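As stored in data.tsv (TSV, C-alpha atoms and all ligand atoms):
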```
chain	number	residue	atom	x	y	z
Z	1	MET	CA	-18.92	-8.47	11.30
Z	2	GLN	CA	-20.21	-6.58	14.30
Z	3	ASN	CA	-17.97	-6.85	17.30
Z	4	ASN	CA	-14.35	-6.16	18.08
Z	5	GLU	CA	-13.45	-9.82	18.59
Z	6	GLN	CA	-14.70	-10.73	15.10
Z	7	TRP	CA	-12.65	-7.92	13.56
Z	8	LYS	CA	-9.55	-9.03	15.48
Z	9	LEU	CA	-10.04	-12.55	14.15
Z	10	PHE	CA	-10.52	-11.27	10.60
Z	11	LEU	CA	-7.41	-9.10	10.77
Z	12	ALA	CA	-5.12	-11.65	12.49
Z	13	PRO	CA	-3.99	-13.42	9.26
Z	14	TYR	CA	-3.31	-10.00	7.67
Z	15	LYS	CA	-1.14	-9.10	10.66
Z	16	GLN	CA	0.69	-12.39	10.24
Z	17	ALA	CA	1.21	-11.75	6.52
Z	18	VAL	CA	2.67	-8.29	7.21
Z	19	GLU	CA	5.00	-9.58	9.95
Z	20	GLU	CA	6.19	-12.50	7.81
Z	21	LEU	CA	6.83	-10.37	4.74
Z	22	LYS	CA	8.73	-7.76	6.75
Z	23	VAL	CA	11.07	-10.45	8.07
Z	24	LYS	CA	11.51	-12.06	4.65
Z	25	LEU	CA	12.15	-8.83	2.75
Z	26	ARG	CA	14.45	-7.40	5.42
Z	27	GLY	CA	16.32	-10.71	5.17
Z	28	ILE	CA	17.02	-9.99	1.50
Z	29	ARG	CA	18.56	-6.66	2.45
Z	30	THR	CA	20.76	-8.38	5.05
Z	31	GLN	CA	21.93	-10.86	2.41
Z	32	TYR	CA	23.00	-8.00	0.13
Z	33	GLU	CA	24.89	-6.42	3.02
Z	34	LEU	CA	26.69	-9.66	3.82
Z	35	GLN	CA	27.67	-10.00	0.19
Z	36	HIS	CA	29.10	-6.47	0.34
Z	37	SER	CA	26.97	-5.49	-2.61
Z	38	ASN	CA	24.80	-2.38	-2.74
Z	39	SER	CA	21.29	-3.29	-1.69
Z	40	PRO	CA	18.44	-2.12	-3.93
Z	41	ILE	CA	16.34	-2.16	-0.73
Z	42	GLU	CA	17.04	0.66	1.73
Z	43	PHE	CA	14.38	-0.27	4.28
Z	44	VAL	CA	11.07	-2.07	4.61
Z	45	THR	CA	8.00	-1.12	6.62
Z	46	GLY	CA	4.57	-2.65	6.91
Z	47	ARG	CA	1.22	-2.13	8.53
Z	48	VAL	CA	-2.27	-3.54	8.75
Z	49	LYS	CA	-4.76	-0.87	7.76
Z	50	PRO	CA	-6.43	0.44	10.94
Z	51	LEU	CA	-10.06	-0.63	11.32
Z	52	ALA	CA	-11.33	2.96	11.12
Z	53	SER	CA	-9.55	3.40	7.73
Z	54	ILE	CA	-10.92	0.07	6.47
Z	55	LEU	CA	-14.48	1.09	7.33
Z	56	ASP	CA	-13.96	4.55	5.90
Z	57	LYS	CA	-12.53	3.25	2.60
Z	58	ALA	CA	-15.23	0.54	2.33
Z	59	LYS	CA	-17.91	3.20	2.67
Z	60	ARG	CA	-16.19	5.58	0.25
Z	61	LYS	CA	-15.71	2.90	-2.41
Z	62	GLY	CA	-19.00	1.07	-1.80
Z	63	ILE	CA	-17.29	-2.21	-0.85
Z	64	PRO	CA	-19.66	-4.47	1.15
Z	65	LEU	CA	-17.98	-5.56	4.39
Z	66	GLU	CA	-18.47	-9.24	3.48
Z	67	ASP	CA	-16.42	-8.66	0.30
Z	68	LEU	CA	-13.42	-6.99	1.99
Z	69	GLU	CA	-11.12	-9.95	1.33
Z	70	VAL	CA	-11.39	-9.49	-2.44
Z	71	GLY	CA	-12.57	-5.90	-2.62
Z	72	MET	CA	-9.91	-4.16	-0.54
Z	73	GLN	CA	-6.40	-4.84	-1.75
Z	74	ASP	CA	-4.41	-2.91	0.83
Z	75	ILE	CA	-5.56	-4.25	4.21
Z	76	ALA	CA	-2.05	-5.71	4.44
Z	77	GLY	CA	0.46	-3.13	3.25
Z	78	ILE	CA	4.21	-3.36	2.77
Z	79	ARG	CA	6.46	-0.48	1.73
Z	80	MET	CA	9.91	-0.98	0.28
Z	81	MET	CA	12.15	2.04	0.03
Z	82	CYS	CA	15.02	2.29	-2.46
Z	83	GLN	CA	17.83	4.82	-2.83
Z	84	PHE	CA	17.59	5.12	-6.61
Z	85	VAL	CA	14.76	5.03	-9.15
Z	86	ASP	CA	16.52	2.20	-11.06
Z	87	ASP	CA	16.50	0.05	-7.90
Z	88	ILE	CA	12.69	-0.06	-8.08
Z	89	LYS	CA	12.82	-2.27	-11.22
Z	90	VAL	CA	15.29	-4.60	-9.49
Z	91	VAL	CA	12.99	-4.92	-6.47
Z	92	VAL	CA	9.89	-5.47	-8.64
Z	93	ASN	CA	11.68	-8.26	-10.57
Z	94	MET	CA	12.86	-9.81	-7.33
Z	95	LEU	CA	9.25	-9.84	-6.05
Z	96	LYS	CA	8.04	-11.37	-9.34
Z	97	ASN	CA	10.52	-14.22	-8.95
Z	98	ARG	CA	9.40	-15.15	-5.43
Z	99	ASN	CA	7.56	-18.44	-4.96
Z	100	ASP	CA	5.48	-17.08	-2.11
Z	101	LEU	CA	3.94	-14.19	-4.05
Z	102	GLU	CA	1.46	-14.42	-6.90
Z	103	ILE	CA	1.35	-11.01	-8.55
Z	104	ILE	CA	-2.15	-10.16	-9.66
Z	105	GLU	CA	-1.91	-6.44	-10.42
Z	106	GLU	CA	0.70	-3.73	-10.96
Z	107	ARG	CA	0.12	0.01	-10.82
Z	108	ASP	CA	2.95	2.12	-12.11
Z	109	TYR	CA	2.48	5.59	-10.64
Z	110	ILE	CA	6.09	6.39	-11.57
Z	111	THR	CA	5.61	6.38	-15.33
Z	112	ASN	CA	2.08	7.72	-14.78
Z	113	LYS	CA	2.22	9.90	-11.71
Z	114	LYS	CA	-1.06	10.72	-9.98
Z	115	GLU	CA	-2.73	14.10	-10.33
Z	116	SER	CA	-1.65	14.90	-6.75
Z	117	GLY	CA	2.03	14.46	-7.72
Z	118	TYR	CA	2.19	11.01	-6.06
Z	119	ARG	CA	4.81	8.62	-7.45
Z	120	SER	CA	5.26	5.02	-6.39
Z	121	TYR	CA	5.11	1.50	-7.89
Z	122	HIS	CA	2.32	-0.67	-6.51
Z	123	ILE	CA	2.08	-4.43	-6.68
Z	124	VAL	CA	-0.95	-6.38	-5.51
Z	125	ALA	CA	-0.14	-10.00	-4.77
Z	126	LYS	CA	-1.64	-13.08	-3.17
Z	127	TYR	CA	0.37	-14.33	-0.22
Z	128	PRO	CA	-0.30	-17.66	1.55
Z	129	VAL	CA	-0.71	-17.57	5.31
Z	130	GLN	CA	-1.01	-20.72	7.40
Z	131	THR	CA	-4.05	-20.41	9.66
Z	132	VAL	CA	-5.80	-22.73	12.12
Z	133	GLU	CA	-8.18	-23.64	9.28
Z	134	GLY	CA	-5.36	-24.29	6.79
Z	135	GLU	CA	-3.72	-22.15	4.12
Z	136	LYS	CA	-5.34	-18.85	3.27
Z	137	LYS	CA	-4.22	-16.70	0.35
Z	138	LEU	CA	-4.55	-13.05	1.24
Z	139	LEU	CA	-4.13	-9.93	-0.85
Z	140	VAL	CA	-1.21	-7.71	0.06
Z	141	GLU	CA	-0.27	-4.39	-1.49
Z	142	ILE	CA	3.44	-3.71	-1.84
Z	143	GLN	CA	4.45	-0.11	-2.53
Z	144	ILE	CA	7.96	0.35	-3.89
Z	145	ARG	CA	9.37	3.88	-3.99
Z	146	THR	CA	12.51	5.92	-3.55
Z	147	LEU	CA	13.34	7.71	-0.29
Z	148	SER	CA	12.46	10.96	-1.99
Z	149	MET	CA	9.06	9.68	-3.21
Z	150	ASN	CA	8.43	8.36	0.29
Z	151	PHE	CA	9.25	11.68	1.92
Z	152	TRP	CA	6.78	13.46	-0.36
Z	153	ALA	CA	4.03	10.83	0.06
Z	154	THR	CA	4.34	10.83	3.86
Z	155	ILE	CA	4.02	14.61	4.07
Z	156	GLU	CA	1.18	14.77	1.54
Z	157	HIS	CA	-0.66	11.97	3.36
Z	158	SER	CA	-0.57	13.92	6.66
Z	159	ILE	CA	-1.69	17.16	5.00
Z	160	ASN	CA	-4.48	15.31	3.20
Z	161	TYR	CA	-5.57	13.82	6.53
Z	162	LYS	CA	-5.48	17.21	8.22
Z	163	TYR	CA	-7.78	18.70	5.58
Z	164	GLY	CA	-10.04	15.62	5.35
Z	165	GLY	CA	-9.13	15.12	1.68
Z	166	ASN	CA	-9.79	18.73	0.67
Z	167	ILE	CA	-6.36	20.31	0.56
Z	168	PRO	CA	-6.59	24.08	-0.11
Z	169	ASP	CA	-5.52	25.02	-3.65
Z	170	GLU	CA	-2.54	27.06	-2.48
Z	171	ILE	CA	-1.11	24.10	-0.57
Z	172	LYS	CA	-1.90	21.77	-3.48
Z	173	ILE	CA	0.24	23.97	-5.72
Z	174	ARG	CA	3.10	23.89	-3.23
Z	175	LEU	CA	2.81	20.12	-2.94
Z	176	LYS	CA	3.01	19.81	-6.71
Z	177	ARG	CA	6.13	21.96	-6.69
Z	178	ALA	CA	7.55	19.79	-3.91
Z	179	ALA	CA	6.76	16.70	-6.02
Z	180	GLU	CA	8.74	18.23	-8.88
Z	181	ALA	CA	11.64	18.92	-6.51
Z	182	ALA	CA	11.50	15.31	-5.28
Z	183	TYR	CA	11.60	14.18	-8.92
Z	184	SER	CA	14.65	16.38	-9.59
Z	185	LEU	CA	16.36	15.00	-6.49
Z	186	ASP	CA	15.86	11.45	-7.80
Z	187	GLU	CA	17.22	12.50	-11.20
Z	188	GLU	CA	20.29	14.19	-9.72
Z	189	MET	CA	21.06	11.24	-7.44
Z	190	SER	CA	20.75	8.83	-10.38
Z	191	GLN	CA	23.41	10.86	-12.20
Z	192	ILE	CA	25.91	10.35	-9.38
Z	193	ARG	CA	24.78	6.84	-8.43
Z	194	GLY	CA	28.26	5.35	-9.00
Z	195	GLU	CA	29.90	7.95	-6.74
Z	196	VAL	CA	27.30	7.47	-3.98
Z	197	GLN	CA	27.57	3.68	-4.01
Z	198	GLU	CA	31.38	3.74	-4.00
Z	199	ALA	CA	31.34	6.09	-1.01
Z	200	GLN	CA	28.84	3.88	0.83
Z	201	ALA	CA	30.96	0.77	0.20
Z	202	ILE	CA	34.05	2.53	1.65
Z	203	PHE	CA	32.03	3.74	4.63
Z	204	SER	CA	30.54	0.32	5.37
Z	205	ARG	CA	34.01	-1.36	5.17
Z	206	LYS	CA	35.36	1.28	7.56
Z	207	THR	CA	32.59	0.78	10.16
Z	208	GLU	CA	32.89	-3.01	9.80
Z	209	ASN	CA	36.66	-2.90	10.46
Z	210	LYS	CA	36.10	-0.76	13.54
Z	211	GLY	CA	33.66	-3.33	14.90
Z	212	THR	CA	36.07	-6.28	14.58
Z	301	LIG	P1	-3.15	4.39	3.77
Z	301	LIG	O1	-3.27	5.23	4.98
Z	301	LIG	O2	-1.84	4.57	3.07
Z	301	LIG	O3	-3.53	2.99	4.02
Z	301	LIG	P2	-7.20	4.86	-3.55
Z	301	LIG	O4	-7.15	4.23	-2.19
Z	301	LIG	O5	-8.57	5.20	-3.99
Z	301	LIG	O6	-6.23	6.03	-3.69
Z	301	LIG	P3	-6.71	2.24	-4.70
Z	301	LIG	O7	-7.25	1.89	-6.06
Z	301	LIG	O8	-7.34	1.59	-3.52
Z	301	LIG	O9	-6.68	3.83	-4.60
Z	301	LIG	O10	-5.23	1.81	-4.65
Z	301	LIG	P4	-3.89	2.58	-4.96
Z	301	LIG	O11	-4.01	3.49	-6.10
Z	301	LIG	O12	-2.90	1.49	-5.06
Z	301	LIG	O13	-3.69	3.48	-3.67
Z	301	LIG	C1	-3.75	2.96	-2.40
Z	301	LIG	C2	-2.66	3.53	-1.50
Z	301	LIG	O14	-1.63	4.19	-2.27
Z	301	LIG	C3	-3.15	4.61	-0.57
Z	301	LIG	O15	-3.70	4.03	0.57
Z	301	LIG	C4	-1.86	5.36	-0.25
Z	301	LIG	O16	-1.04	4.62	0.64
Z	301	LIG	C5	-1.18	5.37	-1.59
Z	301	LIG	N1	-1.58	6.53	-2.38
Z	301	LIG	C6	-2.30	6.54	-3.51
Z	301	LIG	N2	-2.46	7.79	-3.97
Z	301	LIG	C7	-1.82	8.62	-3.13
Z	301	LIG	C8	-1.61	10.04	-3.09
Z	301	LIG	O17	-2.04	10.82	-3.94
Z	301	LIG	N3	-0.89	10.52	-2.02
Z	301	LIG	C9	-0.37	9.70	-1.07
Z	301	LIG	N4	0.31	10.26	-0.06
Z	301	LIG	N5	-0.57	8.36	-1.09
Z	301	LIG	C10	-1.27	7.82	-2.09
Z	301	LIG	P5	-4.80	4.81	1.44
Z	301	LIG	O18	-6.00	3.95	1.49
Z	301	LIG	O19	-4.99	6.19	0.92
Z	301	LIG	O20	-4.27	5.00	2.85
```

Translate the structure of the given file into structure tokens.
Amino acid sequence: MQNNEQWKLFLAPYKQAVEELKVKLRGIRTQYELQHSNSPIEFVTGRVKPLASILDKAKRKGIPLEDLEVGMQDIAGIRMMCQFVDDIKVVVNMLKNRNDLEIIEERDYITNKKESGYRSYHIVAKYPVQTVEGEKKLLVEIQIRTLSMNFWATIEHSINYKYGGNIPDEIKIRLKRAAEAAYSLDEEMSQIRGEVQEAQAIFSRKTENKGT
């Protein structure tokens, strides 16, 4: 692949996969809301990896550009945020039961957090996209994490970017401490999960009544 047009063509089905999955997974959240039950999904985001990051990662990991489709699992990326750690299991099981996803790998960085302090549950799945040439099964990476894990990962990602992957030791220590604080926050919230969900149900009924 040399020119911009060829890259655009290569990335188009990935963009479609991300857009479709965002709609589908946000739809699940809406269904929970309409049923007046607490949704295990707080919000869903998605992105196609920018070309510069694809080239950078391919170089770093020695992936030949002609093998990107099989060699790079996160060109299409979806993130699903949950309020509570226990919701993550519910979301993972829901994804496993979908007919449009074929799970091929799971990485549990919650039970086994990364050295950096990173926690998240990753699923790599094949997702069928209808293209001009017919159906194409593409790899998508779905990251499932709590709001607290997401806050930490977003901040750490920017700091890592700022320092080109070489975060100074002093900041690394602070980030590890922040990761521990994020873990404690998840633990504390899990302890009062019932209270939180009851309050949210009352609040959503109140705002709904005001709207009618
Ligand atoms: P971006 O900008 O999110 O697309 P590797 O990429 O080498 O870390 P691998 O085997 O390709 O690992 O897949 P893995 O472990 O599932 O990690 C891929 C993605 O997980 C990363 O994508 C990040 O989004 C996230 N991630 C993994 N480790 C960390 C971490 O220590 N801190 C943060 N903030 N995120 C992490 P990219 O390619 O880094 O970038």

- request: Using all atoms listed in the file, find each residue with an atom at most 9 Å away from ligand LIG 301 (chain Z) and format the answer as an NGL selection string.
  value: :Z and (47-50 or 53-54 or 57 or 60-61 or 72-77 or 106-107 or 109 or 113-124 or 141-143 or 150 or 152-160)

- line: atom CA of Z:Glu133 sits from atom CA of Z:Asn99 at a separation of 21.9 Å

message: For a quick check of understanding, using all atoms listed in the file, which of Z:Gln83, Z:Asn166, Z:Ser37, Z:Asn97 has the smallest distance to Z:Asp186?
response: Z:Gln83

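With distances restricted to all atoms listed in the file, Z:Ile110 is the closest residue to Z:Val85 from Z:Leu34, Z:Ile110, Z:Ile173, Z:Val129.
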
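Taking atom CA of Z:Met81 as the reference point, atom CA of Z:Met149 is found at 8.9 Å.
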
query: So which residues touch stretch 9-25 of chain Z within 9 Å, counting only C-alpha atoms, skipping near sequence neighbours fewer than 5 positions away, as a ChimeraX atom specification?
result: /Z:1,4,30,41,43-48,51,75-78,80,127-131,136,138-140

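For the choices Z:Gln31, Z:Asn3, Z:Asn209, Z:Asn38, the atom-to-atom distance to Z:Arg193 is smallest for Z:Asn38 when using all atoms listed in the file.
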
- line: Computed gap from atom CA of Z:Glu5 to atom CA of Z:Asp67 is 18.6 Å

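Across Z:Ala181, Z:Ile202, Z:Leu101, Z:Leu147, the tightest approach to Z:Ile88 is made by Z:Leu147 when counting all atoms listed in the file.
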
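Considering the residues Z:Glu102, Z:Asp56, Z:Asp87, Z:Glu69 and counting only C-alpha atoms, Z:Ser39 has its shortest atom-to-atom contact with Z:Asp87.
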
message: For a quick check of understanding, using only C-alpha atoms, which of Z:Asn93, Z:Gln6, Z:Ser190, Z:Gln200 has the smallest distance to Z:Thr146?
response: Z:Ser190
